[in-house]
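Colleague: I am sharing upload_4.txt, which consists of compact mmCIF, C-alpha atoms:
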# COMPACT_ATOMS: atom_id res chain seq x y z
CA MET A 1 16.88 0.33 45.83
CA THR A 2 16.98 2.83 42.97
CA THR A 3 14.33 2.87 40.30
CA ARG A 4 16.95 2.03 37.67
CA VAL A 5 18.15 -1.04 39.60
CA ALA A 6 14.58 -2.20 40.24
CA PHE A 7 13.78 -1.88 36.56
CA ALA A 8 16.88 -3.89 35.63
CA ILE A 9 15.96 -6.69 38.05
CA ALA A 10 12.37 -6.77 36.79
CA ALA A 11 13.58 -6.91 33.20
CA ALA A 12 15.97 -9.77 34.01
CA LEU A 13 13.24 -11.76 35.74
CA ALA A 14 10.89 -11.21 32.81
CA LEU A 15 13.46 -12.21 30.18
CA PRO A 16 12.77 -15.97 30.03
CA ALA A 17 9.04 -15.34 29.58
CA ALA A 18 9.73 -12.80 26.85
CA ILE A 19 12.00 -15.23 25.03
CA ALA A 20 9.38 -17.96 25.32
CA ALA A 21 6.71 -15.66 23.92
CA GLU A 22 8.83 -14.83 20.89
CA ALA A 23 9.90 -18.41 20.16
CA PRO A 24 8.32 -19.73 16.95
CA ILE A 25 5.52 -22.23 17.50
CA ALA A 26 5.08 -24.92 14.85
CA ASN A 27 1.63 -24.73 13.27
CA HIS A 28 0.57 -28.04 11.74
CA ASP A 29 -2.94 -26.91 10.76
CA VAL A 30 -3.59 -27.82 7.13
CA THR A 31 -6.00 -26.06 4.79
CA VAL A 32 -6.73 -27.34 1.30
CA LEU A 33 -8.25 -24.97 -1.25
CA HIS A 34 -9.94 -26.45 -4.31
CA CYS A 35 -9.95 -23.70 -6.95
CA ALA A 36 -11.87 -23.85 -10.23
CA ARG A 37 -9.12 -21.69 -11.77
CA MET A 38 -5.94 -20.04 -10.56
CA ILE A 39 -4.00 -16.99 -11.73
CA ASP A 40 -0.24 -17.58 -11.94
CA PRO A 41 1.06 -14.02 -12.30
CA ALA A 42 4.72 -15.08 -12.48
CA ALA A 43 3.98 -17.07 -15.63
CA GLY A 44 1.24 -14.73 -16.80
CA LYS A 45 -1.15 -17.68 -17.13
CA LEU A 46 -4.66 -18.63 -16.12
CA LEU A 47 -4.50 -22.22 -14.87
CA GLY A 48 -7.41 -24.64 -14.73
CA GLU A 49 -8.62 -26.59 -11.72
CA THR A 50 -5.98 -26.34 -9.00
CA THR A 51 -5.52 -27.55 -5.42
CA VAL A 52 -3.54 -25.36 -3.02
CA VAL A 53 -2.25 -26.99 0.17
CA ILE A 54 -1.42 -24.70 3.09
CA GLU A 55 0.33 -25.66 6.31
CA GLY A 56 0.25 -23.01 9.01
CA SER A 57 0.98 -19.64 7.44
CA ARG A 58 2.78 -20.97 4.35
CA VAL A 59 1.89 -22.62 1.08
CA LYS A 60 3.06 -26.23 1.22
CA GLU A 61 2.33 -27.38 -2.32
CA ILE A 62 0.22 -26.81 -5.41
CA LYS A 63 -1.31 -29.65 -7.40
CA SER A 64 -3.04 -29.54 -10.74
CA GLY A 65 -6.64 -30.73 -10.64
CA ASN A 66 -8.89 -31.60 -7.71
CA ALA A 67 -6.46 -33.51 -5.49
CA ASP A 68 -7.58 -36.08 -2.92
CA ASP A 69 -7.84 -34.53 0.57
CA LYS A 70 -7.15 -37.73 2.53
CA PRO A 71 -3.30 -37.59 2.62
CA TYR A 72 -3.41 -34.01 3.90
CA ARG A 73 -6.15 -34.78 6.41
CA ASP A 74 -4.12 -37.70 7.74
CA ALA A 75 -0.91 -35.65 7.90
CA ALA A 76 -2.62 -32.89 9.88
CA SER A 77 -4.14 -35.40 12.30
CA ALA A 78 -0.80 -37.19 12.81
CA ALA A 79 0.91 -33.88 13.64
CA GLY A 80 -1.84 -32.78 16.02
CA GLY A 81 -3.13 -30.09 13.69
CA ARG A 82 -6.57 -29.24 12.35
CA PHE A 83 -7.69 -29.92 8.79
CA THR A 84 -9.90 -27.59 6.77
CA GLN A 85 -11.13 -28.04 3.22
CA VAL A 86 -12.47 -25.07 1.23
CA SER A 87 -14.31 -25.51 -2.06
CA LEU A 88 -14.03 -22.50 -4.34
CA ALA A 89 -16.22 -23.83 -7.14
CA ASP A 90 -16.49 -21.53 -10.16
CA ALA A 91 -14.05 -19.13 -8.51
CA THR A 92 -10.63 -17.94 -9.60
CA CYS A 93 -7.91 -18.05 -6.95
CA MET A 94 -4.95 -15.70 -7.05
CA PRO A 95 -2.30 -14.29 -4.72
CA GLY A 96 -3.39 -11.75 -2.12
CA LEU A 97 -3.37 -8.31 -3.71
CA ILE A 98 -0.92 -5.53 -2.89
CA ASP A 99 -1.90 -1.86 -2.97
CA SER A 100 1.32 0.13 -3.27
CA HIS A 101 -0.21 3.46 -2.24
CA THR A 102 -2.65 3.82 0.66
CA HIS A 103 -3.38 6.10 3.63
CA LEU A 104 -5.19 3.91 6.14
CA SER A 105 -5.63 6.40 8.97
CA PHE A 106 -7.96 8.91 7.32
CA GLU A 107 -10.51 9.40 4.58
CA THR A 108 -11.32 12.64 2.77
CA SER A 109 -14.71 14.28 3.17
CA PRO A 110 -16.20 17.78 3.09
CA THR A 111 -15.22 18.15 6.78
CA SER A 112 -11.64 16.85 6.47
CA TYR A 113 -10.06 20.30 6.64
CA SER A 114 -11.85 21.23 9.86
CA ASP A 115 -11.72 17.75 11.43
CA GLN A 116 -7.97 18.12 11.94
CA PHE A 117 -8.65 20.86 14.49
CA ARG A 118 -11.14 18.76 16.44
CA TRP A 119 -9.81 15.23 16.24
CA ASN A 120 -6.98 13.81 18.32
CA VAL A 121 -4.44 11.28 17.08
CA ALA A 122 -6.53 8.62 18.82
CA ASP A 123 -9.51 9.49 16.62
CA TYR A 124 -7.48 8.80 13.49
CA ALA A 125 -5.98 5.67 15.02
CA VAL A 126 -9.37 4.18 15.90
CA ARG A 127 -10.73 4.89 12.43
CA SER A 128 -7.65 3.31 10.90
CA THR A 129 -8.67 -0.08 12.29
CA VAL A 130 -11.97 0.15 10.39
CA PHE A 131 -10.26 1.23 7.16
CA ALA A 132 -7.67 -1.53 7.49
CA ARG A 133 -10.37 -4.18 7.84
CA ARG A 134 -12.24 -2.86 4.79
CA THR A 135 -9.03 -3.02 2.78
CA LEU A 136 -8.34 -6.61 3.79
CA MET A 137 -11.91 -7.67 2.98
CA ALA A 138 -11.47 -6.16 -0.49
CA GLY A 139 -8.69 -8.69 -1.10
CA PHE A 140 -5.65 -6.54 -0.33
CA THR A 141 -3.47 -8.55 2.03
CA SER A 142 -0.49 -6.15 1.87
CA VAL A 143 -0.20 -2.38 1.43
CA ARG A 144 2.36 0.40 1.40
CA ASN A 145 1.00 3.19 3.59
CA LEU A 146 2.55 6.31 2.11
CA GLY A 147 1.92 8.98 4.67
CA ASP A 148 0.02 9.68 7.87
CA GLY A 149 -0.19 12.55 10.33
CA ASN A 150 1.49 11.35 13.52
CA ASN A 151 2.96 7.91 12.83
CA GLU A 152 -0.35 6.31 13.79
CA THR A 153 0.01 3.71 11.03
CA ILE A 154 3.17 2.45 12.70
CA ALA A 155 0.98 1.58 15.69
CA LEU A 156 -1.65 0.13 13.34
CA ARG A 157 0.97 -2.06 11.64
CA ASN A 158 2.16 -3.32 15.01
CA ALA A 159 -1.38 -4.08 16.19
CA ILE A 160 -2.16 -6.03 13.01
CA ASN A 161 1.12 -7.95 13.25
CA ALA A 162 0.29 -8.83 16.87
CA GLY A 163 -3.13 -10.13 15.85
CA ILE A 164 -5.00 -7.47 17.84
CA VAL A 165 -6.97 -6.13 14.88
CA PRO A 166 -7.52 -7.57 11.38
CA GLY A 167 -5.94 -5.80 8.46
CA PRO A 168 -3.45 -6.06 5.63
CA ARG A 169 0.28 -6.44 6.11
CA ILE A 170 1.48 -2.82 6.30
CA PHE A 171 4.73 -1.28 5.08
CA THR A 172 4.42 2.26 6.36
CA ALA A 173 6.25 5.50 5.67
CA GLY A 174 4.92 7.30 8.73
CA LYS A 175 4.99 11.02 8.07
CA PRO A 176 5.82 12.11 4.51
CA ILE A 177 8.88 14.30 3.89
CA GLY A 178 8.69 17.58 1.97
CA THR A 179 9.60 21.25 2.15
CA THR A 180 8.18 24.32 3.90
CA GLY A 181 4.83 25.16 2.35
CA GLY A 182 4.97 22.06 0.16
CA HIS A 183 2.57 19.16 -0.15
CA ALA A 184 3.98 17.48 2.99
CA ASP A 185 3.81 20.59 5.20
CA PRO A 186 1.04 19.70 7.68
CA THR A 187 0.34 23.39 8.40
CA ASP A 188 -0.58 24.49 4.87
CA GLY A 189 -3.62 26.73 5.08
CA TYR A 190 -3.29 27.37 8.82
CA ARG A 191 -3.37 30.89 10.20
CA SER A 192 0.07 32.10 11.24
CA ASP A 193 -0.32 31.72 15.01
CA LEU A 194 -1.23 28.05 14.58
CA ALA A 195 1.22 27.16 11.82
CA GLY A 196 4.40 27.39 13.90
CA ASN A 197 7.64 26.32 12.23
CA PRO A 198 7.60 22.55 11.56
CA GLY A 199 11.00 21.00 10.98
CA ALA A 200 12.76 17.76 10.12
CA LYS A 201 11.13 15.86 12.99
CA ASP A 202 7.77 16.74 11.43
CA GLY A 203 8.94 15.74 7.93
CA VAL A 204 9.53 19.32 6.78
CA ILE A 205 13.03 19.92 5.38
CA ASP A 206 14.78 22.84 3.69
CA SER A 207 18.36 21.62 3.24
CA VAL A 208 20.53 18.57 2.69
CA GLU A 209 21.24 18.47 6.43
CA ASP A 210 17.51 18.49 7.19
CA ALA A 211 17.04 15.62 4.72
CA TYR A 212 19.47 13.40 6.60
CA LYS A 213 17.91 14.37 9.92
CA ALA A 214 14.40 13.54 8.70
CA VAL A 215 15.35 10.09 7.36
CA ARG A 216 17.23 9.23 10.55
CA GLN A 217 14.23 10.33 12.61
CA HIS A 218 12.01 8.07 10.51
CA TYR A 219 14.40 5.18 11.14
CA LYS A 220 14.16 5.93 14.85
CA ASP A 221 10.37 6.03 14.62
CA GLY A 222 10.30 2.58 13.03
CA VAL A 223 9.06 3.13 9.47
CA ASP A 224 9.42 0.61 6.62
CA VAL A 225 9.71 2.96 3.64
CA ILE A 226 10.35 6.66 2.97
CA LYS A 227 7.82 8.90 1.21
CA ILE A 228 8.84 12.28 -0.23
CA MET A 229 6.85 15.09 -1.85
CA PRO A 230 9.02 16.69 -4.57
CA SER A 231 6.02 18.27 -6.31
CA GLY A 232 2.81 20.04 -5.41
CA GLY A 233 -0.34 18.02 -4.84
CA VAL A 234 -4.08 18.23 -5.12
CA LEU A 235 -5.45 18.07 -1.59
CA ASP A 236 -3.17 20.50 0.26
CA GLU A 237 -4.32 24.12 0.52
CA SER A 238 -1.62 25.60 -1.71
CA SER A 239 -2.12 26.78 -5.27
CA SER A 240 -0.10 24.33 -7.39
CA ALA A 241 -0.53 20.63 -8.08
CA ASP A 242 2.64 20.22 -10.11
CA ASN A 243 5.36 22.74 -9.25
CA ALA A 244 8.78 21.38 -8.23
CA GLN A 245 9.14 21.67 -4.44
CA MET A 246 12.44 19.92 -3.62
CA THR A 247 15.88 20.53 -5.09
CA ILE A 248 17.67 17.61 -6.67
CA GLU A 249 20.30 17.88 -3.93
CA GLU A 250 17.63 17.52 -1.24
CA ILE A 251 16.10 14.51 -3.00
CA LYS A 252 19.52 12.90 -3.44
CA ALA A 253 20.24 13.40 0.25
CA VAL A 254 16.98 11.69 1.22
CA VAL A 255 17.63 8.81 -1.17
CA THR A 256 21.23 8.34 -0.04
CA ALA A 257 20.27 8.34 3.63
CA ALA A 258 17.24 6.11 3.04
CA HIS A 259 19.19 3.52 1.07
CA ASP A 260 21.87 3.52 3.79
CA TYR A 261 19.15 2.46 6.23
CA GLY A 262 17.66 -0.12 3.87
CA PHE A 263 14.60 1.90 2.89
CA THR A 264 13.10 2.35 -0.55
CA VAL A 265 11.90 5.85 -1.48
CA ALA A 266 8.49 6.62 -2.98
CA ALA A 267 8.11 10.05 -4.58
CA HIS A 268 4.76 11.80 -4.86
CA ALA A 269 5.21 13.73 -8.10
CA HIS A 270 2.62 15.15 -10.49
CA GLY A 271 4.84 17.62 -12.38
CA ALA A 272 7.28 16.69 -15.15
CA GLU A 273 10.24 18.58 -13.63
CA ALA A 274 9.71 17.06 -10.20
CA ILE A 275 9.54 13.61 -11.78
CA ARG A 276 12.78 14.26 -13.69
CA ARG A 277 14.61 15.36 -10.54
CA ALA A 278 13.30 12.45 -8.49
CA VAL A 279 14.31 9.85 -11.08
CA LEU A 280 17.79 11.33 -11.52
CA ALA A 281 18.17 11.42 -7.73
CA GLY A 282 17.50 7.67 -7.54
CA VAL A 283 14.00 7.27 -6.05
CA ASP A 284 12.47 3.82 -6.31
CA SER A 285 8.99 4.82 -7.45
CA ILE A 286 7.03 7.74 -8.84
CA GLU A 287 3.51 8.09 -7.45
CA HIS A 288 0.70 9.64 -9.56
CA GLY A 289 2.94 11.02 -12.34
CA THR A 290 0.08 13.01 -13.89
CA PHE A 291 2.11 15.35 -16.08
CA MET A 292 4.86 12.85 -16.89
CA ASN A 293 6.40 13.62 -20.30
CA ASP A 294 8.35 11.57 -22.83
CA GLU A 295 11.70 12.52 -21.27
CA ASP A 296 10.49 11.37 -17.85
CA MET A 297 9.35 8.03 -19.28
CA LYS A 298 12.67 7.51 -21.00
CA LEU A 299 14.56 8.29 -17.79
CA MET A 300 12.34 5.96 -15.77
CA LYS A 301 13.04 3.10 -18.15
CA GLU A 302 16.78 3.81 -18.03
CA HIS A 303 16.84 3.94 -14.23
CA GLY A 304 14.37 1.11 -13.63
CA THR A 305 12.07 3.44 -11.70
CA TRP A 306 8.62 2.08 -10.86
CA TYR A 307 5.44 4.00 -11.64
CA VAL A 308 2.32 3.82 -9.42
CA PRO A 309 -0.48 5.59 -11.34
CA THR A 310 -3.39 5.92 -8.79
CA ILE A 311 -5.97 6.58 -11.53
CA ILE A 312 -8.91 6.12 -9.18
CA ALA A 313 -7.75 9.01 -6.99
CA GLY A 314 -7.57 11.40 -9.93
CA LYS A 315 -11.00 10.41 -11.18
CA TYR A 316 -12.55 10.63 -7.71
CA VAL A 317 -11.24 14.12 -6.91
CA GLN A 318 -12.46 15.35 -10.28
CA GLU A 319 -15.92 13.97 -9.50
CA MET A 320 -16.02 15.49 -6.01
CA ALA A 321 -14.67 18.83 -7.23
CA ALA A 322 -17.85 19.22 -9.27
CA LYS A 323 -19.84 19.27 -6.00
CA PRO A 324 -19.99 22.82 -4.59
CA GLY A 325 -18.28 23.06 -1.20
CA TYR A 326 -16.84 19.56 -1.14
CA TYR A 327 -13.27 20.92 -1.37
CA PRO A 328 -11.84 24.39 -0.71
CA PRO A 329 -11.83 26.39 -4.00
CA GLN A 330 -8.08 26.06 -4.66
CA VAL A 331 -8.24 22.30 -4.06
CA ALA A 332 -11.20 21.91 -6.39
CA ALA A 333 -9.35 23.81 -9.10
CA LYS A 334 -6.34 21.49 -8.86
CA ALA A 335 -8.59 18.42 -8.86
CA MET A 336 -10.19 19.56 -12.10
CA GLN A 337 -6.70 20.01 -13.57
CA VAL A 338 -5.36 16.55 -12.60
CA GLY A 339 -8.46 14.36 -12.92
CA PRO A 340 -8.93 14.42 -16.70
CA ILE A 341 -5.26 13.64 -17.44
CA ILE A 342 -4.08 10.93 -15.07
CA GLN A 343 -5.63 7.90 -16.84
CA ALA A 344 -4.25 8.84 -20.26
CA THR A 345 -0.78 9.32 -18.73
CA ALA A 346 -0.92 5.81 -17.25
CA GLY A 347 -1.84 4.33 -20.62
CA LYS A 348 0.97 6.17 -22.36
CA ALA A 349 3.50 5.06 -19.73
CA TYR A 350 2.42 1.43 -20.19
CA LYS A 351 2.89 1.67 -23.96
CA ALA A 352 6.30 3.26 -23.40
CA GLY A 353 7.42 0.26 -21.33
CA VAL A 354 7.62 1.95 -17.91
CA LYS A 355 7.39 -0.56 -15.05
CA ILE A 356 4.00 -0.26 -13.34
CA ALA A 357 2.92 -1.36 -9.86
CA PHE A 358 -0.67 -1.18 -8.67
CA GLY A 359 -1.60 1.61 -6.26
CA THR A 360 -4.68 3.68 -5.56
CA ASP A 361 -4.09 6.51 -3.04
CA ALA A 362 -6.80 5.00 -0.83
CA ALA A 363 -8.26 7.64 1.53
CA VAL A 364 -8.67 10.09 -1.34
CA TYR A 365 -11.67 7.87 -2.20
CA PRO A 366 -13.54 5.63 0.31
CA HIS A 367 -11.50 2.71 1.65
CA GLY A 368 -12.46 -0.71 0.36
CA GLN A 369 -13.04 0.42 -3.23
CA ASN A 370 -9.38 -0.18 -4.19
CA ALA A 371 -10.19 -2.77 -6.87
CA LYS A 372 -11.92 -0.16 -9.04
CA GLU A 373 -8.37 0.74 -10.13
CA PHE A 374 -8.15 -2.52 -12.11
CA GLU A 375 -11.03 -1.42 -14.31
CA TYR A 376 -9.46 1.99 -14.90
CA MET A 377 -6.09 0.43 -15.77
CA VAL A 378 -7.72 -1.83 -18.37
CA GLN A 379 -9.59 1.15 -19.79
CA ALA A 380 -6.20 2.88 -20.10
CA GLY A 381 -5.04 0.10 -22.45
CA MET A 382 -3.39 -2.40 -20.12
CA PRO A 383 -4.25 -6.12 -20.50
CA ALA A 384 -6.16 -7.77 -17.66
CA MET A 385 -3.29 -10.15 -16.85
CA TYR A 386 -0.86 -7.23 -16.69
CA VAL A 387 -2.94 -5.28 -14.20
CA LEU A 388 -3.22 -8.39 -12.00
CA GLN A 389 0.56 -8.74 -12.19
CA ALA A 390 0.86 -5.06 -11.23
CA ALA A 391 -0.96 -5.86 -7.96
CA THR A 392 0.98 -9.07 -7.26
CA THR A 393 4.42 -9.83 -8.69
CA HIS A 394 5.21 -6.23 -9.69
CA ALA A 395 4.15 -4.76 -6.36
CA ALA A 396 6.05 -7.48 -4.48
CA GLU A 397 9.19 -6.60 -6.41
CA LEU A 398 8.73 -2.92 -5.59
CA LEU A 399 8.47 -3.88 -1.91
CA HIS A 400 11.61 -6.04 -2.21
CA LYS A 401 9.42 -8.94 -1.05
CA LYS A 402 9.22 -11.00 -4.24
CA ASP A 403 10.37 -14.14 -2.41
CA GLU A 404 7.52 -13.78 0.11
CA LEU A 405 4.56 -12.12 -1.57
CA GLY A 406 2.82 -11.81 -4.91
CA GLN A 407 2.66 -15.50 -5.87
CA ILE A 408 0.98 -18.69 -4.71
CA ALA A 409 4.02 -20.94 -4.52
CA ALA A 410 5.53 -23.46 -2.12
CA GLY A 411 7.24 -21.72 0.79
CA ARG A 412 5.54 -18.35 0.21
CA ARG A 413 3.17 -16.70 2.63
CA ALA A 414 -0.31 -18.15 2.33
CA ASP A 415 -2.06 -15.04 1.03
CA VAL A 416 -4.84 -16.22 -1.29
CA ILE A 417 -8.00 -14.53 -2.53
CA ALA A 418 -10.74 -15.62 -4.90
CA VAL A 419 -13.33 -13.94 -7.08
CA PRO A 420 -16.39 -15.49 -8.73
CA GLY A 421 -15.93 -16.18 -12.43
CA ASN A 422 -12.93 -15.28 -14.57
CA PRO A 423 -11.40 -11.80 -14.10
CA ILE A 424 -9.34 -12.14 -17.28
CA ASP A 425 -12.62 -12.00 -19.19
CA ASP A 426 -14.24 -9.44 -16.87
CA ILE A 427 -11.86 -7.35 -14.78
CA THR A 428 -14.76 -5.80 -12.83
CA LEU A 429 -15.02 -9.13 -10.96
CA MET A 430 -12.04 -7.94 -8.93
CA GLN A 431 -14.54 -5.72 -7.12
CA LYS A 432 -16.42 -8.83 -5.92
CA VAL A 433 -13.81 -10.68 -3.84
CA SER A 434 -15.53 -13.65 -2.17
CA PHE A 435 -12.62 -15.29 -0.32
CA VAL A 436 -9.68 -13.80 1.58
CA MET A 437 -6.86 -15.65 3.31
CA LYS A 438 -3.83 -13.94 4.82
CA ASP A 439 -0.98 -15.93 6.39
CA GLY A 440 -3.14 -19.05 6.29
CA VAL A 441 -6.03 -17.46 8.21
CA VAL A 442 -9.40 -17.18 6.45
CA TYR A 443 -10.93 -13.71 6.92
CA LYS A 444 -13.69 -13.96 4.31
CA GLN A 445 -15.53 -16.92 2.79
CA ASP A 446 -18.56 -17.09 0.52
CA GLY A 447 -18.52 -13.31 0.46
CA LYS A 448 -18.92 -13.01 4.24
CA ALA A 449 -16.43 -12.02 6.94
CA THR A 450 -15.32 -14.87 9.18
CA LEU A 451 -13.33 -12.79 11.68
Spell out the structure here as structure tokens.
Modeller:
Amino acid sequence: MTTRVAFAIAAALALPAAIAAEAPIANHDVTVLHCARMIDPAAGKLLGETTVVIEGSRVKEIKSGNADDKPYRDAASAAGGRFTQVSLADATCMPGLIDSHTHLSFETSPTSYSDQFRWNVADYAVRSTVFARRTLMAGFTSVRNLGDGNNETIALRNAINAGIVPGPRIFTAGKPIGTTGGHADPTDGYRSDLAGNPGAKDGVIDSVEDAYKAVRQHYKDGVDVIKIMPSGGVLDESSSADNAQMTIEEIKAVVTAAHDYGFTVAAHAHGAEAIRRAVLAGVDSIEHGTFMNDEDMKLMKEHGTWYVPTIIAGKYVQEMAAKPGYYPPQVAAKAMQVGPIIQATAGKAYKAGVKIAFGTDAAVYPHGQNAKEFEYMVQAGMPAMYVLQAATTHAAELLHKKDELGQIAAGRRADVIAVPGNPIDDITLMQKVSFVMKDGVVYKQDGKATL
């Protein structure tokens, strides 16, 4: 018997079990949350006392006031499910938060640039499970992961989806796409005998043909979104944070191929010219946007392009750049250039009417501190309700998941968090998440991890 025939027979024998494993199992467990207040980001309102009823992984209904538990307890018992009641007295419930810009498989430090020569992919992958858990415990039940080194966040996403490790729902870009020597070139700063010649399979492109190849490779790899680098950046070892690094033809090719495959395209872009090219080429979002000018803002409004400011990242790199030796000299210089500007740009874009989704560039700063961005957004001139919408309904729309995420509503995924007090009055309370539920499973209660 040939190996191929044996494999075919084994696969056929295993098929019924595989089908059984994938068949949906009805979950009649019922959880009732009694919230002192609830944020309704779709309506832009802070509601009073509210009861949220969850069956399995979905929201079943929402009732005003402190509803009687007995009908839900009886229904769960009759269906053979468990009943759980959670009192969130003096807490404000809201949808699980969405961070539209993270990097869950690493975290910057003074040794980051040398670690890459000592660590294996497995080292990054193991650390990613810790960073993912911190992110979830901070109240972020979904994230876009916009770049990793070796597609390790694809494996992380799959492990979280399979229930192997706790973490947020991940929409990952895998490796970012850029040009030779650009912000996405993984060999920037390497000596010549180590640099090699990375190509489209590595996310490094230098033509329209390469652009198509790279997107198709990402589709093959199993990504959820495409990330491109049309401008310079802060943390790579090149000299410019804002120069244009992709032609408009290359960006258009990426966007055309990505949209063919059902992907959205996120564009890392600090410089005004790179932003202009990316918007005209049809990207779905601009990340960072530090040197965005009035023309860029006008174009973004015309094209409906989202903006993800990542203020916390700019402020953090500026702070670390003041510490001798924390970054290489050229990186520190770029950090000092970007840091003082990024918050003011975000405020100006808000006033100009550019659509804004919440994102932080987690990994540039320590994971789990994502909610500090809310405070910075309010300081930039955005109302508290707006910044909460940016991390819920706006981010869900950017993900093309507005019918699943970003709201507590009947039929939606049961992603619910709570903070003590009223974050509309004090946005810093978003940094004190006390309750986290994702897909109906409680991961944090009374400020303590449950899983």
Colleague: Put a box with edges along x, y and z around all the listed atoms of segment 185-201 of chain A, pad it by 8 Å on each side, then give me its centre and sizes in Å, one decimal, as lines of an AutoDock Vina configuration file.
Modeller:
center_x = 4.6
center_y = 24.0
center_z = 9.9
size_x = 32.4
size_y = 32.2
size_z = 26.1
Colleague: By how many Å are atom CA of Ala138 of chain A and atom CA of Gly96 of chain A apart?
Modeller: 10.0 Å
Colleague: Give me the residues near segment 237-242 of chain A as an MDAnalysis selection string, where near means some atom within 8 Å (using all atoms listed in the file) and where sequence neighbours in that chain fewer than 5 positions away do not count.
Modeller: chainID A and resid 181:183 188:189 231:232 269:272 274 291 328 330:331 334 338
Colleague: Identify which of the residues A:Ala266, A:Ala258, A:Ala362, A:Val387 lies closest to Gly44 of chain A, counting all atoms listed in the file when measuring atom-to-atom distances.
Modeller: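 Looking at the shortest contact to Gly44 of chain A, the residue is A:Val387.
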Colleague: Report, in Å to a single decimal, how far apart atom CA of Ser109 of chain A and atom CA of Ala395 of chain A are.
Modeller: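 Pair atom CA of Ala395 of chain A / atom CA of Ser109 of chain A returns 28.4 Å.
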Colleague: Considering all atoms listed in the file, state which residue in the set A:Gly325, A:Gly282, A:Pro383, A:Gly289 is at the smallest distance from Thr305 of chain A.
Modeller: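 Under the stated criterion, the closest residue is A:Gly282.
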Colleague: So what do you get for atom CA of Ser105 of chain A versus atom CA of Val223 of chain A, distance-wise?
Modeller: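 Here the two named atoms are 15.1 Å from each other.
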Colleague: Would you pick out the contacts of Ala333 of chain A at 12 Å or less, using all atoms listed in the file, so that residues sharing its chain but fewer than 6 positions from it are not included, and give the list as a list in words?
Modeller: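 The residues satisfying every condition are Gly233, Val234, Leu235, Asp236, Glu237, Ser238, Ser239, Ser240, Ala241, Val317, Gln318, Glu319, Met320, Ala321, Ala322, Lys323, Pro324, Gly325, Tyr326, Tyr327 and Gly339 of chain A.
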Colleague: Which residues, written as a PyMOL selection string, have at least one atom at most 12 Å from Lys213 of chain A, with only C-alpha atoms counted and residues fewer than 4 positions away on the same chain left out?
Modeller: chain A and resi 177+199-209+217-220+250+253-254+257-258
Colleague: Taking into account all atoms listed in the file, which residue in the set A:Tyr190, A:Phe374, A:Tyr113, A:Tyr443 is nearest to Leu388 of chain A?
Modeller: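 Using all atoms listed in the file, Leu388 of chain A sits closest to A:Phe374.
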Colleague: When you count all atoms listed in the file, which of these residues is closest to Thr247 of chain A: A:Arg133, A:Arg277, A:Lys45, A:Lys63?
Modeller: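 Counting all atoms listed in the file, the residue closest to Thr247 of chain A is A:Arg277.
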Colleague: Would you mind telling me which residue in A:Asn27, A:Thr256, A:Gln369, A:Thr450 lies nearest to Asp284 of chain A when using all atoms listed in the file?
Modeller: A:Thr256
Colleague: Name the residues in contact with segment 54-58 of chain A at a cut-off of 8 Å, using all atoms listed in the file, excluding same-chain residues fewer than 2 positions from it; report them as a count of residues only.
Modeller: 19
Colleague: With distances taken over only C-alpha atoms, which residue among A:Asp224, A:Glu107, A:Asp40, A:Glu273 lies nearest Asn158 of chain A?
Modeller: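 With only C-alpha atoms as the atom set, the closest residue is A:Asp224.
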